[in-house]
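**Student:** My file is input_1.txt. It has compact mmCIF, C-alpha atoms:
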# COMPACT_ATOMS: atom_id res chain seq x y z
CA MET E 18 -20.37 29.36 51.21
CA ALA E 19 -21.28 29.08 47.53
CA SER E 20 -20.80 32.83 47.01
CA ALA E 21 -17.40 32.76 48.78
CA SER E 22 -16.41 29.83 46.60
CA SER E 23 -17.44 31.58 43.41
CA GLY E 24 -15.60 34.73 44.55
CA THR E 25 -12.49 32.64 45.09
CA THR E 26 -12.91 30.99 41.71
CA SER E 27 -13.08 34.30 39.88
CA THR E 28 -10.08 35.54 41.87
CA THR E 29 -8.05 32.43 41.05
CA SER E 30 -9.10 32.23 37.40
CA ALA E 31 -6.63 34.96 36.45
CA PRO E 32 -3.65 33.08 37.92
CA LYS E 33 -4.87 29.87 36.29
CA THR E 34 -4.90 31.70 32.97
CA ALA E 35 -1.35 32.87 33.58
CA GLU E 36 -0.37 29.33 34.52
CA SER E 37 -2.00 28.04 31.34
CA ALA E 38 -0.02 30.52 29.25
CA SER E 39 3.13 29.42 31.03
CA ALA E 40 2.26 25.76 30.48
CA LYS E 41 1.76 26.42 26.77
CA SER E 42 5.30 27.76 26.50
CA SER E 43 6.73 24.69 28.23
CA SER E 44 7.72 21.85 26.03
CA LYS E 45 7.13 18.13 26.38
CA ASP E 46 10.79 17.61 25.55
CA GLU E 47 12.17 19.88 28.26
CA ILE E 48 15.30 18.51 29.84
CA PRO E 49 14.87 17.69 33.54
CA ASP E 50 17.33 19.61 35.71
CA GLN E 51 19.16 16.47 36.86
CA THR E 52 19.72 15.36 33.25
CA PHE E 53 20.72 18.89 32.28
CA ASP E 54 23.35 18.89 35.04
CA ARG E 55 24.84 15.67 33.65
CA TYR E 56 24.92 17.14 30.14
CA ILE E 57 26.51 20.45 31.11
CA ASN E 58 29.21 18.70 33.15
CA ASN E 59 30.08 16.25 30.37
CA GLU E 60 32.87 17.84 28.31
CA ARG E 61 32.43 15.41 25.43
CA TYR E 62 28.71 16.19 25.23
CA MET E 63 29.32 19.94 25.40
CA LEU E 64 31.87 19.72 22.59
CA MET E 65 29.39 17.70 20.53
CA GLN E 66 26.84 20.51 20.98
CA TYR E 67 29.45 23.10 20.02
CA GLU E 68 30.26 21.20 16.80
CA CYS E 69 26.52 21.08 16.06
CA LEU E 70 26.17 24.83 16.60
CA MET E 71 29.14 25.52 14.35
CA GLY E 72 27.63 23.34 11.61
CA ASN E 73 30.45 20.80 11.71
CA LYS E 74 28.51 17.80 13.04
CA PRO E 75 24.88 16.65 13.11
CA CYS E 76 22.68 17.87 15.95
CA ASP E 77 20.72 15.79 18.44
CA HIS E 78 17.40 17.08 19.83
CA VAL E 79 19.20 19.30 22.35
CA GLY E 80 21.52 20.71 19.68
CA ARG E 81 18.57 21.54 17.42
CA LYS E 82 16.92 23.49 20.25
CA LEU E 83 20.17 25.27 21.03
CA LYS E 84 20.75 26.09 17.38
CA ALA E 85 17.30 27.65 17.13
CA ALA E 86 17.82 29.78 20.25
CA VAL E 87 21.51 30.71 20.09
CA PRO E 88 21.25 33.64 17.62
CA LEU E 89 18.97 35.53 20.02
CA VAL E 90 20.77 34.39 23.16
CA VAL E 91 24.18 35.49 21.84
CA ARG E 92 22.71 38.94 21.15
CA GLY E 93 21.38 39.10 24.71
CA LEU E 94 17.74 38.85 23.62
CA GLY E 95 16.93 35.75 25.64
CA CYS E 96 14.84 32.90 24.36
CA PRO E 97 11.27 34.08 23.70
CA LYS E 98 9.99 30.63 22.67
CA CYS E 99 11.50 28.92 25.72
CA SER E 100 9.73 27.89 28.89
CA GLN E 101 11.03 29.32 32.15
CA ARG E 102 13.04 26.14 32.78
CA GLU E 103 14.58 26.29 29.30
CA GLU E 104 15.37 29.99 29.76
CA ASP E 105 17.11 29.26 33.08
CA GLN E 106 19.03 26.38 31.54
CA MET E 107 20.05 28.54 28.59
CA LYS E 108 21.49 31.12 30.99
CA ARG E 109 23.43 28.38 32.75
CA ILE E 110 24.79 27.07 29.44
CA VAL E 111 25.92 30.53 28.38
CA SER E 112 27.63 31.12 31.71
CA HIS E 113 29.29 27.69 31.61
CA VAL E 114 30.54 28.09 28.04
CA GLN E 115 31.82 31.62 28.71
CA ARG E 116 33.71 30.40 31.76
CA SER E 117 34.89 26.96 30.60
CA TYR E 118 35.26 27.43 26.84
CA PRO E 119 35.95 31.16 26.27
CA ASP E 120 37.55 30.57 22.85
CA LYS E 121 34.51 28.60 21.67
CA TRP E 122 32.18 31.27 23.08
CA GLN E 123 34.00 33.90 21.01
CA LYS E 124 33.57 31.75 17.89
CA LEU E 125 29.85 31.38 18.61
CA ILE E 126 29.54 35.15 18.99
CA LYS E 127 31.37 35.64 15.71
CA LYS E 128 29.10 33.15 13.92
CA TYR E 129 25.74 34.14 15.45
CA GLY E 130 26.21 37.66 16.78
CA ASN E 131 25.87 39.48 13.47
Translate this structure into structure tokens?

**Tutor:**
Amino acid sequence: MASASSGTTSTTSAPKTAESASAKSSSKDEIPDQTFDRYINNERYMLMQYECLMGNKPCDHVGRKLKAAVPLVVRGLGCPKCSQREEDQMKRIVSHVQRSYPDKWQKLIKKYGN
């Protein structure tokens, strides 16, 4: 039983390492999905984030994260420093802005897509 257990441990240590790497890329200040849904469906909040990204208004913690990621995201390069949850949320934001605010999306591309 001890040898089977140690065999299992060595087999599972690789996935644990992968999980650890994934955990390192996650952030303590990730936005829970339920909160994210409220943000993305709040037009006033979305416009506040847009003004932050355009440099017209101060940024909150979400705006600062967006501002750091948007140059790569706009170019289709994803978000290499993001956790999986943040990456998924970023894709949802891009889709939402493209669909709901196409004029603002074009301005973001013009500003950050160079």

**Student:** Could you tell me which of E:Leu64, E:Val91, E:Tyr129, E:Ser100 comes closest to E:Ser112 if we count only C-alpha atoms?

**Tutor:**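 Using only C-alpha atoms, the shortest distance to E:Ser112 belongs to E:Val91.
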
**Student:** Grab the atom CA of E:Gln115 to atom CA of E:Arg55 distance for me, in Å with one decimal place.

**Tutor:**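 Interatomic distance, atom CA of E:Gln115 to atom CA of E:Arg55: 18.1 Å.
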
**Student:** One decimal, Å: what's the distance from atom CA of E:Met65 over to atom CA of E:Ser117, could you say?

**Tutor:**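 Straight-line distance from atom CA of E:Met65 to atom CA of E:Ser117 works out to 14.7 Å.
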
**Student:** Taking 3 positions as the minimum chain separation for residues in the same chain, which residues sit within 12 Å of E:Cys96 when counting all atoms listed in the file? Answer as a PyMOL selection string.

**Tutor:** chain E and resi 42+82-93+99-108

**Student:** Residues at most 10 Å from E:Pro75, counting only C-alpha atoms, excluding those fewer than 6 positions away in the same chain, as a list in words?

**Tutor:**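 In the requested format, the answer is Met65, Gln66, Glu68, Cys69 and Arg81 of chain E.
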
**Student:** Could you check how far atom CA of E:Lys121 sits from atom CA of E:His78, in Å to one decimal?

**Tutor:**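 Going from atom CA of E:Lys121 over to atom CA of E:His78, I get 20.7 Å.
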
**Student:** When distances are computed from all atoms listed in the file, which of E:Gly80, E:Asn58, E:Phe53, E:Ile48 shows the smallest separation from E:Val114?

**Tutor:**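 Of all the options, E:Asn58 lies closest to E:Val114.
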
**Student:** Taking into account only C-alpha atoms, which residue in the set E:Met63, E:Glu47, E:Lys127, E:Cys76 is nearest to E:Val111?

**Tutor:**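 Of the candidates, the smallest distance to E:Val111 is held by E:Met63.
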
**Student:** So, counting only C-alpha atoms, which residue among E:Pro97, E:Asp50, E:Asn131, E:Trp122 is closest to E:Met71?

**Tutor:**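 Smallest separation from E:Met71 among the options: E:Trp122.
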